[in-house]
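S.K.: So that you have it, the file is entry.txt, and it contains compact mmCIF, C-alpha atoms:
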```
# COMPACT_ATOMS: atom_id res chain seq x y z
CA MET P 203 5.75 -16.89 -10.79
CA TRP P 204 3.31 -14.78 -8.79
CA THR P 205 0.50 -12.82 -10.40
CA VAL P 206 0.43 -9.02 -10.67
CA ASP P 207 -2.50 -7.05 -12.06
CA ARG P 208 -1.90 -6.18 -15.68
CA PRO P 209 -1.08 -2.49 -16.30
CA THR P 210 -3.89 -0.29 -17.54
CA MET P 211 -1.54 2.13 -19.34
CA ASP P 212 -1.63 2.09 -23.14
CA ALA P 213 1.71 1.44 -24.86
CA SER P 214 1.46 4.19 -27.47
CA ALA P 215 0.20 6.71 -24.88
CA THR P 216 3.13 5.80 -22.62
CA PHE P 217 5.54 6.19 -25.53
CA SER P 218 4.05 9.60 -26.38
CA ARG P 219 4.36 10.70 -22.76
CA CYS P 220 8.02 9.67 -22.68
CA ILE P 221 8.98 11.70 -25.76
CA GLN P 222 7.42 14.94 -24.53
CA ARG P 223 9.57 18.07 -24.17
CA MET P 224 12.50 16.75 -26.21
CA LYS P 225 15.22 19.25 -27.11
CA SER P 226 15.96 17.65 -30.46
CA GLN P 227 12.95 18.27 -32.68
CA GLU P 228 14.49 16.09 -35.39
CA LEU P 229 14.68 13.09 -33.05
CA LYS P 230 11.21 13.80 -31.66
CA ALA P 231 9.80 13.85 -35.21
CA ARG P 232 11.38 10.48 -35.99
CA LEU P 233 10.11 9.01 -32.73
CA THR P 234 6.61 10.38 -33.26
CA ALA P 235 6.54 8.91 -36.76
CA ILE P 236 7.01 5.34 -35.44
CA THR P 237 4.15 5.53 -32.91
CA PRO P 238 1.99 3.19 -35.08
CA GLU P 239 4.80 0.61 -35.06
CA ILE P 240 5.11 0.93 -31.27
CA ARG P 241 1.36 0.34 -30.96
CA ALA P 242 1.49 -2.66 -33.31
CA ALA P 243 4.43 -4.22 -31.44
CA ALA P 244 2.58 -3.92 -28.13
CA LYS P 245 -0.51 -5.55 -29.64
CA GLU P 246 1.58 -8.39 -31.05
CA PHE P 247 3.15 -8.86 -27.61
CA GLU P 248 -0.31 -9.08 -26.03
CA ILE P 249 -1.51 -11.68 -28.55
CA TYR P 250 1.57 -13.85 -28.15
CA ALA P 251 1.57 -13.53 -24.34
CA GLU P 252 -2.05 -14.66 -24.12
CA SER P 253 -1.28 -17.73 -26.26
CA GLU P 254 2.00 -18.68 -24.49
CA SER P 255 3.89 -17.89 -27.70
CA LEU P 256 6.19 -14.99 -26.84
CA HIS P 257 9.10 -16.90 -28.35
CA LEU P 258 7.58 -15.99 -31.75
CA CYS P 259 8.24 -12.27 -31.32
CA SER P 260 10.93 -11.26 -33.82
CA THR P 261 14.10 -9.57 -32.63
CA HIS P 262 15.03 -6.31 -34.38
CA THR P 263 17.72 -3.63 -34.31
CA SER P 264 15.66 -0.61 -35.34
CA VAL P 265 12.11 0.64 -35.84
CA GLY P 266 11.70 2.72 -38.96
CA SER P 267 14.40 5.38 -38.92
CA VAL P 268 14.97 5.01 -35.14
CA SER P 269 17.82 2.84 -33.89
CA ALA P 270 17.66 0.43 -30.96
CA ALA P 271 20.05 2.66 -29.02
CA GLU P 272 17.76 5.67 -29.47
CA LEU P 273 14.69 3.69 -28.37
CA ASN P 274 16.49 2.23 -25.38
CA ASN P 275 17.51 5.74 -24.38
CA VAL P 276 13.83 6.68 -24.31
CA TYR P 277 13.45 4.12 -21.51
CA THR P 278 16.67 5.01 -19.67
CA SER P 279 16.52 8.80 -19.89
CA ARG P 280 12.86 9.56 -20.40
CA MET P 281 11.14 6.89 -18.27
CA ALA P 282 13.43 5.38 -15.63
CA ARG P 283 15.27 8.56 -14.68
CA LEU P 284 13.92 10.57 -11.75
CA GLY P 285 11.98 13.57 -13.02
CA ALA P 286 11.61 12.11 -16.51
CA PRO P 287 8.25 12.66 -18.28
CA GLY P 288 7.50 8.92 -18.19
CA ARG P 289 8.60 8.40 -14.60
CA ILE P 290 4.99 8.44 -13.35
CA VAL P 291 4.34 5.25 -15.35
CA TYR P 292 7.59 3.69 -14.12
CA ASP P 293 6.66 4.36 -10.48
CA GLU P 294 3.13 3.01 -10.95
CA LEU P 295 4.49 -0.24 -12.38
CA LEU P 296 7.09 -0.50 -9.63
CA ALA P 297 4.40 -0.21 -6.95
CA SER P 298 2.01 -2.75 -8.48
CA PRO P 299 2.99 -6.03 -6.70
CA LYS P 300 1.22 -6.72 -3.42
CA GLY P 301 3.53 -6.09 -0.51
CA GLY P 302 6.27 -4.96 -2.86
CA ILE P 303 7.45 -8.56 -3.32
CA CYS P 304 9.16 -9.55 -6.56
CA PRO P 305 6.73 -11.68 -8.61
CA LEU P 306 9.59 -13.53 -10.31
CA CYS P 307 11.02 -15.07 -7.11
CA GLY P 308 8.23 -14.43 -4.61
CA HIS P 309 10.72 -13.49 -1.92
CA ARG P 310 12.84 -10.36 -2.33
CA GLN P 311 11.69 -6.74 -2.50
CA VAL P 312 11.00 -5.07 -5.85
CA GLY P 313 13.63 -2.50 -6.78
CA THR P 314 13.55 -2.12 -10.56
CA LEU P 315 11.64 -2.97 -13.74
CA ASP P 316 12.63 -5.98 -15.81
CA HIS P 317 12.10 -6.02 -19.57
CA PHE P 318 10.36 -9.37 -20.08
CA LEU P 319 11.64 -9.29 -23.67
CA PRO P 320 15.00 -7.49 -23.43
CA LYS P 321 15.05 -4.00 -24.88
CA GLU P 322 18.34 -4.67 -26.67
CA SER P 323 16.63 -7.28 -28.86
CA PHE P 324 13.10 -5.80 -28.83
CA PRO P 325 13.56 -1.99 -28.76
CA SER P 326 9.98 -1.38 -29.95
CA LEU P 327 8.87 -2.66 -26.51
CA ALA P 328 11.34 -0.61 -24.48
CA VAL P 329 8.59 1.39 -22.73
CA ALA P 330 5.58 -0.87 -23.36
CA PRO P 331 3.95 -1.42 -19.93
CA ASP P 332 3.08 -5.08 -20.66
CA ASN P 333 6.79 -5.74 -21.22
CA LEU P 334 7.90 -4.06 -17.99
CA VAL P 335 7.70 -6.33 -14.95
CA PRO P 336 8.50 -5.13 -11.41
CA ALA P 337 11.36 -7.24 -10.09
CA CYS P 338 14.09 -7.41 -7.48
CA SER P 339 17.58 -6.50 -8.63
CA ASP P 340 18.80 -10.10 -8.20
CA CYS P 341 16.16 -11.52 -10.54
CA ASN P 342 16.76 -8.72 -13.02
CA LYS P 343 20.50 -9.47 -13.08
CA THR P 344 19.97 -13.23 -13.27
CA LYS P 345 17.69 -12.98 -16.28
CA LEU P 346 19.85 -10.44 -18.14
CA ASN P 347 19.10 -10.62 -21.90
CA HIS P 348 17.48 -14.06 -21.92
CA VAL P 349 15.60 -14.61 -25.21
CA ALA P 350 13.43 -17.72 -25.57
CA THR P 351 13.68 -19.69 -28.80
CA LEU P 352 11.22 -22.41 -27.75
CA PRO P 353 7.78 -22.11 -26.10
CA SER P 354 9.07 -24.04 -23.08
CA GLU P 355 11.78 -21.39 -22.55
CA VAL P 356 9.31 -18.53 -22.04
CA THR P 357 9.40 -17.73 -18.34
CA ILE P 358 6.21 -17.11 -16.37
CA HIS P 359 4.79 -13.65 -17.05
CA PRO P 360 3.15 -12.16 -13.93
CA TYR P 361 0.62 -10.15 -15.99
CA PHE P 362 -0.58 -12.99 -18.21
CA ASP P 363 0.05 -16.29 -16.38
CA ASP P 364 -2.13 -16.74 -13.30
CA LEU P 365 -0.88 -19.69 -11.23
CA SER P 366 -2.47 -18.51 -7.98
CA ASP P 367 -5.31 -21.06 -7.92
CA ASP P 368 -2.99 -24.07 -8.03
CA THR P 369 -0.53 -25.57 -5.57
CA TRP P 370 2.62 -26.13 -7.59
CA LEU P 371 5.53 -25.71 -5.19
CA GLU P 372 6.65 -28.82 -3.30
CA ALA P 373 9.58 -29.64 -1.06
CA LYS P 374 11.35 -32.81 0.06
CA VAL P 375 12.91 -33.21 3.49
CA ILE P 376 16.51 -34.37 3.27
CA GLN P 377 17.44 -36.56 6.22
CA THR P 378 20.78 -34.99 7.08
CA VAL P 379 22.23 -33.35 10.16
CA PRO P 380 21.02 -30.68 10.27
CA ALA P 381 17.86 -31.44 8.28
CA ALA P 382 17.47 -29.67 4.94
CA LEU P 383 14.88 -29.22 2.20
CA SER P 384 14.98 -29.27 -1.59
CA PHE P 385 12.29 -27.52 -3.64
CA HIS P 386 10.77 -28.28 -7.02
CA VAL P 387 7.78 -27.48 -9.24
CA ALA P 388 5.08 -30.17 -9.25
CA ARG P 389 2.54 -30.10 -12.08
CA PRO P 390 -1.06 -29.65 -10.80
CA PRO P 391 -3.88 -31.52 -12.61
CA GLY P 392 -5.09 -28.41 -14.47
CA TRP P 393 -1.75 -27.48 -16.02
CA SER P 394 -0.84 -28.21 -19.62
CA PRO P 395 2.54 -29.86 -20.31
CA LEU P 396 3.72 -26.53 -21.75
CA MET P 397 2.82 -24.58 -18.61
CA ALA P 398 4.65 -27.17 -16.49
CA SER P 399 7.74 -26.91 -18.70
CA ARG P 400 7.68 -23.12 -18.56
CA ALA P 401 7.28 -23.07 -14.78
CA ARG P 402 10.19 -25.49 -14.32
CA HIS P 403 12.35 -23.46 -16.69
CA HIS P 404 11.48 -20.29 -14.73
CA PHE P 405 12.32 -22.06 -11.47
CA GLU P 406 15.71 -23.16 -12.80
CA LEU P 407 16.60 -19.88 -14.54
CA PHE P 408 16.03 -17.82 -11.41
CA LYS P 409 17.70 -20.43 -9.17
CA LEU P 410 14.68 -20.57 -6.87
CA SER P 411 15.45 -24.00 -5.43
CA SER P 412 18.76 -22.73 -4.02
CA LEU P 413 17.12 -19.54 -2.75
CA TYR P 414 14.32 -21.37 -0.97
CA SER P 415 16.61 -24.07 0.44
CA ALA P 416 18.79 -21.40 2.01
CA GLN P 417 15.79 -19.63 3.50
CA ALA P 418 14.39 -22.92 4.82
CA ALA P 419 17.73 -23.73 6.47
CA SER P 420 17.63 -20.43 8.31
CA GLU P 421 14.01 -21.06 9.35
CA LEU P 422 14.86 -24.53 10.67
CA SER P 423 17.66 -23.11 12.78
CA GLY P 424 15.29 -20.56 14.27
CA ILE P 425 12.52 -23.02 15.26
CA ARG P 426 14.68 -25.88 16.61
CA PHE P 427 14.35 -24.87 20.26
CA ALA P 428 10.55 -24.57 19.98
CA LEU P 429 10.30 -28.00 18.37
CA ASP P 430 12.50 -29.53 21.07
CA THR P 431 10.18 -28.08 23.70
CA ILE P 432 7.04 -29.35 21.97
CA TYR P 433 8.57 -32.79 21.42
CA ASP P 434 9.52 -33.11 25.10
CA SER P 435 5.92 -32.47 26.17
CA ASP P 436 3.79 -33.86 23.32
CA GLY P 437 6.07 -36.09 21.25
CA ALA P 438 6.03 -36.48 17.45
CA THR P 439 2.26 -35.89 17.27
CA GLY P 440 2.61 -32.54 18.99
CA VAL P 441 5.38 -31.52 16.58
CA LYS P 442 3.33 -32.57 13.57
CA ASN P 443 0.26 -30.67 14.81
CA HIS P 444 2.33 -27.56 15.41
CA LEU P 445 3.94 -27.69 11.96
CA THR P 446 0.59 -28.34 10.29
CA LEU P 447 -0.89 -25.28 11.97
CA GLN P 448 2.09 -23.17 10.88
CA ALA P 449 1.69 -24.40 7.30
CA GLU P 450 -2.02 -23.62 7.25
CA SER P 451 -1.45 -20.15 8.70
CA ARG P 452 1.04 -19.35 5.92
CA ARG P 453 -1.15 -20.95 3.27
CA ARG P 454 -3.86 -18.40 4.04
CA ALA P 455 -1.41 -15.75 2.83
CA SER P 456 0.13 -17.68 -0.10
CA LYS P 457 -0.33 -21.24 -1.32
CA ASN P 458 3.09 -21.38 -2.93
CA SER P 459 5.40 -19.45 -0.65
CA TRP P 460 8.55 -21.22 0.42
CA GLN P 461 7.32 -20.83 4.03
CA THR P 462 4.03 -22.65 3.36
CA THR P 463 5.82 -25.39 1.47
CA THR P 464 8.53 -25.73 4.11
CA TYR P 465 6.14 -26.22 7.00
CA GLN P 466 3.93 -28.61 5.04
CA ALA P 467 6.89 -30.76 4.01
CA LEU P 468 8.16 -30.86 7.60
CA ALA P 469 4.71 -31.79 8.93
CA ASP P 470 4.45 -34.59 6.36
CA SER P 471 7.81 -36.10 7.35
CA PRO P 472 7.53 -38.76 10.11
CA TRP P 473 11.33 -38.72 10.41
CA PHE P 474 11.44 -34.96 11.05
CA CYS P 475 8.54 -34.98 13.50
CA ALA P 476 10.10 -37.87 15.45
CA GLY P 477 13.24 -35.86 16.20
CA GLY P 478 14.90 -35.26 12.85
CA PHE P 479 14.88 -31.55 13.67
CA SER P 480 17.15 -32.04 16.68
```
If you took the structure in this file and wrote it as structure tokens, what would it be?
M.R.:
Amino acid sequence: MWTVDRPTMDASATFSRCIQRMKSQELKARLTAITPEIRAAAKEFEIYAESESLHLCSTHTSVGSVSAAELNNVYTSRMARLGAPGRIVYDELLASPKGGICPLCGHRQVGTLDHFLPKESFPSLAVAPDNLVPACSDCNKTKLNHVATLPSEVTIHPYFDDLSDDTWLEAKVIQTVPAALSFHVARPPGWSPLMASRARHHFELFKLSSLYSAQAASELSGIRFALDTIYDSDGATGVKNHLTLQAESRRRASKNSWQTTTYQALADSPWFCAGGFS
């Protein structure tokens, strides 16, 4: 749900790079012959992505005389493998997120490329840069071969959906011992109903509420002593001021990080500031 600059690499040029130096001239000839279809599929992907309509892309099992297995092997053996002719594109995509943070969860480190539309169902997009999103291994495994059938089921695409100007992540303090937080997506004024539905579906699919709640619990455990000390000297107002400053400091880095949202929710909770942290 975090934006990454869209790749500058052309889909057909990437495909051509990947099929260089093939031993089987017969296979290379068949792959070369479908380059126009690869280009057309990438253009269709772009049009649908820009109109929030990627659920309209048609699944397929072959492209011309080339099977899905053969096209998927172009990705596996001729792009993702170390030393492969297309590996330079793979590495450039992998390095594109700021700080190396997975744009799907906004928390873990990138370690692989995720096919936004799975290559098993959309083999024409197996090496299309717009369809390859840097991701952590957990998000990649969670998503698996998810195929949207409704517009609301299309997850947020880091190259095409820019949510960075809006504050959409919120948290609620749960008054338990110890205190806890639950996270959810809140629709900002500028969002369409479809964007809100997609963001919530993304949040649920990748289990981000559970991830952020666990991280917040660890954070709360780590700051309890400091809050006790501040409370003893400056009371609930001192705690609130401290938490507000922490939230603002993290907001300067990211409006919608779980850290920013955690500290803001804690600062906004009179119960927590009055000793709920203890």
S.K.: Identify which of the residues P:Pro320, P:Pro472, P:Gly266, P:Pro209 lies closest to Ala235 in chain P, counting all atoms listed in the file when measuring atom-to-atom distances.
M.R.: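 Residue with the minimum atom-to-atom distance to Ala235 in chain P: P:Gly266.
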S.K.: So how far away is CA of Phe318 in chain P from CA of Arg232 in chain P, in Å?
M.R.: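 Distance reported for this atom pair: 25.5 Å.
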S.K.: For Thr462 in chain P, work out the shell of residues within 12 Å, counting only C-alpha atoms and skipping chain neighbours fewer than 3 positions away, then give it as an MDAnalysis selection string.
M.R.: chainID P and resid 369:373 385 414 418 421 445:459 465:469
S.K.: Report, in Å with one decimal, the straight-line distance from CA of Lys343 in chain P to CA of His309 in chain P.
M.R.: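 Distance reported for this atom pair: 15.4 Å.
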S.K.: With only C-alpha atoms as the atoms that count, which of P:Asp332, P:Asp340, P:Glu322, P:Glu355 lies nearest to Leu396 in chain P?
M.R.: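 Result for the nearest residue to Leu396 in chain P: P:Glu355.
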S.K.: So which residues touch range 214-220 of chain P within 10 Å, counting all atoms listed in the file, skipping near sequence neighbours fewer than 3 positions away, as a short mmCIF file (atom, residue, chain, number, x, y, z; two decimals) with C-alpha atoms, in the coordinates of the input?
M.R.:
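Heads up, here's the output in selection.cif:
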```cif
data_model
loop_
_atom_site.label_atom_id
_atom_site.label_comp_id
_atom_site.auth_asym_id
_atom_site.auth_seq_id
_atom_site.Cartn_x
_atom_site.Cartn_y
_atom_site.Cartn_z
CA MET P 211 -1.54 2.13 -19.34
CA ARG P 223 9.57 18.07 -24.17
CA MET P 224 12.50 16.75 -26.21
CA LYS P 230 11.21 13.80 -31.66
CA LEU P 233 10.11 9.01 -32.73
CA THR P 234 6.61 10.38 -33.26
CA ILE P 236 7.01 5.34 -35.44
CA THR P 237 4.15 5.53 -32.91
CA PRO P 238 1.99 3.19 -35.08
CA GLU P 239 4.80 0.61 -35.06
CA ILE P 240 5.11 0.93 -31.27
CA ARG P 241 1.36 0.34 -30.96
CA ALA P 242 1.49 -2.66 -33.31
CA ALA P 243 4.43 -4.22 -31.44
CA ALA P 244 2.58 -3.92 -28.13
CA LEU P 273 14.69 3.69 -28.37
CA VAL P 276 13.83 6.68 -24.31
CA TYR P 277 13.45 4.12 -21.51
CA SER P 279 16.52 8.80 -19.89
CA ARG P 280 12.86 9.56 -20.40
CA MET P 281 11.14 6.89 -18.27
CA ALA P 282 13.43 5.38 -15.63
CA ALA P 286 11.61 12.11 -16.51
CA PRO P 287 8.25 12.66 -18.28
CA GLY P 288 7.50 8.92 -18.19
CA ARG P 289 8.60 8.40 -14.60
CA ILE P 290 4.99 8.44 -13.35
CA VAL P 291 4.34 5.25 -15.35
CA TYR P 292 7.59 3.69 -14.12
CA SER P 326 9.98 -1.38 -29.95
CA LEU P 327 8.87 -2.66 -26.51
CA ALA P 328 11.34 -0.61 -24.48
CA VAL P 329 8.59 1.39 -22.73
CA ALA P 330 5.58 -0.87 -23.36
CA PRO P 331 3.95 -1.42 -19.93
#
```
S.K.: Please identify all polymer residues within 9 Å of Gln377 in chain P, counting only C-alpha atoms, omitting same-chain residues fewer than 5 positions from it, and present them as an MDAnalysis selection string.
M.R.: chainID P and resid 382:383 473:474 478
S.K.: Mind checking which residues fall within 7 Å of Asp363 in chain P, counting only C-alpha atoms, ignoring those fewer than 4 positions away in the same chain, and posting them as a ChimeraX atom specification?
M.R.: /P:205,358-359
S.K.: Please identify all polymer residues within 7 Å of Val441 in chain P, counting only C-alpha atoms, omitting same-chain residues fewer than 5 positions from it, and present them as an mmCIF file with C-alpha atoms, keeping the file's coordinate frame.
M.R.:
```cif
data_model
loop_
_atom_site.group_PDB
_atom_site.id
_atom_site.type_symbol
_atom_site.label_atom_id
_atom_site.label_comp_id
_atom_site.auth_asym_id
_atom_site.auth_seq_id
_atom_site.Cartn_x
_atom_site.Cartn_y
_atom_site.Cartn_z
ATOM 1 C CA LEU P 429 10.300 -28.000 18.370
ATOM 2 C CA ILE P 432 7.040 -29.350 21.970
ATOM 3 C CA TYR P 433 8.570 -32.790 21.420
ATOM 4 C CA CYS P 475 8.540 -34.980 13.500
#
```
S.K.: How many Å lie between CA of Lys321 in chain P and CA of Ala270 in chain P, rounded to one decimal?
M.R.: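 Between CA of Lys321 in chain P and CA of Ala270 in chain P the gap is 8.0 Å.
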S.K.: Using only C-alpha atoms for the distances, tell me which of P:Asp207, P:Asp470, P:Asp436, P:Glu254 is nearest to Thr357 in chain P.
M.R.: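 Looking at the shortest contact to Thr357 in chain P, the residue is P:Glu254.
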S.K.: Tell me which of P:Ser411, P:Ser471, P:Thr278, P:Thr351 sits closest to His317 in chain P, counting all atoms listed in the file.
M.R.: P:Thr278
S.K.: Once you add 8 Å to each side, what are the centre and edge lengths of the axis-aligned box holding all listed atoms of range 424-430 of chain P? One decimal in Å, as JSON, if you can.
M.R.:
```
{"center_x": 12.8, "center_y": -25.0, "center_z": 17.7, "size_x": 21.0, "size_y": 25.0, "size_z": 22.8}
```
S.K.: Calculated over all atoms listed in the file, which of the candidates P:Ser412, P:Ser323, P:Thr344, P:Ser399 has the smallest distance to Thr263 in chain P?
M.R.: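 Closest to Thr263 in chain P, using all atoms listed in the file: P:Ser323.
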S.K.: Just checking: using all atoms listed in the file, which residue out of P:Glu406, P:Asp212, P:Asp430, P:Asp368 ends up closest to Phe479 in chain P?
M.R.: P:Asp430
S.K.: Can you complete the atoms of range 225-257 of chain P to N, CA and C atoms and list them as a JSON list (two decimals), keeping the file's coordinate frame?
M.R.:
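What ended up in selection-v8.json:
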```json
[["chain", "number", "residue", "atom", "x", "y", "z"],
["P", 225, "LYS", "N", 14.47, 18.13, -26.56],
["P", 225, "LYS", "CA", 15.22, 19.25, -27.11],
["P", 225, "LYS", "C", 15.42, 19.11, -28.62],
["P", 226, "SER", "N", 15.72, 17.87, -29.04],
["P", 226, "SER", "CA", 15.96, 17.65, -30.46],
["P", 226, "SER", "C", 14.63, 17.43, -31.19],
["P", 227, "GLN", "N", 14.21, 18.40, -31.94],
["P", 227, "GLN", "CA", 12.95, 18.27, -32.68],
["P", 227, "GLN", "C", 13.07, 17.23, -33.79],
["P", 228, "GLU", "N", 14.28, 17.09, -34.34],
["P", 228, "GLU", "CA", 14.49, 16.09, -35.39],
["P", 228, "GLU", "C", 14.29, 14.68, -34.84],
["P", 229, "LEU", "N", 14.85, 14.40, -33.66],
["P", 229, "LEU", "CA", 14.68, 13.09, -33.05],
["P", 229, "LEU", "C", 13.22, 12.89, -32.64],
["P", 230, "LYS", "N", 12.61, 13.92, -32.08],
["P", 230, "LYS", "CA", 11.21, 13.80, -31.66],
["P", 230, "LYS", "C", 10.32, 13.50, -32.86],
["P", 231, "ALA", "N", 10.60, 14.10, -34.01],
["P", 231, "ALA", "CA", 9.80, 13.85, -35.21],
["P", 231, "ALA", "C", 9.94, 12.40, -35.66],
["P", 232, "ARG", "N", 11.17, 11.88, -35.59],
["P", 232, "ARG", "CA", 11.38, 10.48, -35.99],
["P", 232, "ARG", "C", 10.70, 9.52, -35.01],
["P", 233, "LEU", "N", 10.76, 9.85, -33.73],
["P", 233, "LEU", "CA", 10.11, 9.01, -32.73],
["P", 233, "LEU", "C", 8.59, 9.06, -32.88],
["P", 234, "THR", "N", 8.06, 10.23, -33.09],
["P", 234, "THR", "CA", 6.61, 10.38, -33.26],
["P", 234, "THR", "C", 6.12, 9.60, -34.47],
["P", 235, "ALA", "N", 6.93, 9.58, -35.52],
["P", 235, "ALA", "CA", 6.54, 8.91, -36.76],
["P", 235, "ALA", "C", 6.40, 7.39, -36.60],
["P", 236, "ILE", "N", 7.08, 6.80, -35.61],
["P", 236, "ILE", "CA", 7.01, 5.34, -35.44],
["P", 236, "ILE", "C", 5.98, 4.93, -34.39],
["P", 237, "THR", "N", 5.17, 5.88, -33.91],
["P", 237, "THR", "CA", 4.15, 5.53, -32.91],
["P", 237, "THR", "C", 3.24, 4.39, -33.37],
["P", 238, "PRO", "N", 2.80, 4.33, -34.64],
["P", 238, "PRO", "CA", 1.99, 3.19, -35.08],
["P", 238, "PRO", "C", 2.72, 1.85, -34.94],
["P", 239, "GLU", "N", 4.03, 1.84, -35.21],
["P", 239, "GLU", "CA", 4.80, 0.61, -35.06],
["P", 239, "GLU", "C", 4.93, 0.20, -33.59],
["P", 240, "ILE", "N", 5.05, 1.20, -32.71],
["P", 240, "ILE", "CA", 5.11, 0.93, -31.27],
["P", 240, "ILE", "C", 3.79, 0.31, -30.80],
["P", 241, "ARG", "N", 2.68, 0.87, -31.30],
["P", 241, "ARG", "CA", 1.36, 0.34, -30.96],
["P", 241, "ARG", "C", 1.20, -1.09, -31.48],
["P", 242, "ALA", "N", 1.63, -1.33, -32.71],
["P", 242, "ALA", "CA", 1.49, -2.66, -33.31],
["P", 242, "ALA", "C", 2.35, -3.70, -32.58],
["P", 243, "ALA", "N", 3.55, -3.30, -32.16],
["P", 243, "ALA", "CA", 4.43, -4.22, -31.44],
["P", 243, "ALA", "C", 3.83, -4.61, -30.09],
["P", 244, "ALA", "N", 3.21, -3.64, -29.42],
["P", 244, "ALA", "CA", 2.58, -3.92, -28.13],
["P", 244, "ALA", "C", 1.38, -4.86, -28.30],
["P", 245, "LYS", "N", 0.62, -4.67, -29.38],
["P", 245, "LYS", "CA", -0.51, -5.55, -29.64],
["P", 245, "LYS", "C", -0.05, -6.96, -29.96],
["P", 246, "GLU", "N", 1.03, -7.07, -30.74],
["P", 246, "GLU", "CA", 1.58, -8.39, -31.05],
["P", 246, "GLU", "C", 2.05, -9.08, -29.78],
["P", 247, "PHE", "N", 2.69, -8.32, -28.90],
["P", 247, "PHE", "CA", 3.15, -8.86, -27.61],
["P", 247, "PHE", "C", 1.96, -9.41, -26.83],
["P", 248, "GLU", "N", 0.89, -8.66, -26.77],
["P", 248, "GLU", "CA", -0.31, -9.08, -26.03],
["P", 248, "GLU", "C", -0.86, -10.39, -26.59],
["P", 249, "ILE", "N", -0.97, -10.48, -27.91],
["P", 249, "ILE", "CA", -1.51, -11.68, -28.55],
["P", 249, "ILE", "C", -0.64, -12.90, -28.26],
["P", 250, "TYR", "N", 0.67, -12.73, -28.39],
["P", 250, "TYR", "CA", 1.57, -13.85, -28.15],
["P", 250, "TYR", "C", 1.60, -14.23, -26.66],
["P", 251, "ALA", "N", 1.54, -13.23, -25.77],
["P", 251, "ALA", "CA", 1.57, -13.53, -24.34],
["P", 251, "ALA", "C", 0.34, -14.32, -23.92],
["P", 252, "GLU", "N", -0.80, -13.97, -24.47],
["P", 252, "GLU", "CA", -2.05, -14.66, -24.12],
["P", 252, "GLU", "C", -2.10, -16.08, -24.67],
["P", 253, "SER", "N", -1.28, -16.38, -25.67],
["P", 253, "SER", "CA", -1.28, -17.73, -26.26],
["P", 253, "SER", "C", 0.00, -18.50, -25.93],
["P", 254, "GLU", "N", 0.75, -18.03, -24.91],
["P", 254, "GLU", "CA", 2.00, -18.68, -24.49],
["P", 254, "GLU", "C", 2.97, -18.84, -25.67],
["P", 255, "SER", "N", 3.08, -17.80, -26.48],
["P", 255, "SER", "CA", 3.89, -17.89, -27.70],
["P", 255, "SER", "C", 4.86, -16.72, -27.84],
["P", 256, "LEU", "N", 5.33, -16.16, -26.75],
["P", 256, "LEU", "CA", 6.19, -14.99, -26.84],
["P", 256, "LEU", "C", 7.53, -15.28, -27.51],
["P", 257, "HIS", "N", 7.87, -16.56, -27.64],
["P", 257, "HIS", "CA", 9.10, -16.90, -28.35],
["P", 257, "HIS", "C", 9.01, -16.58, -29.84]]
```
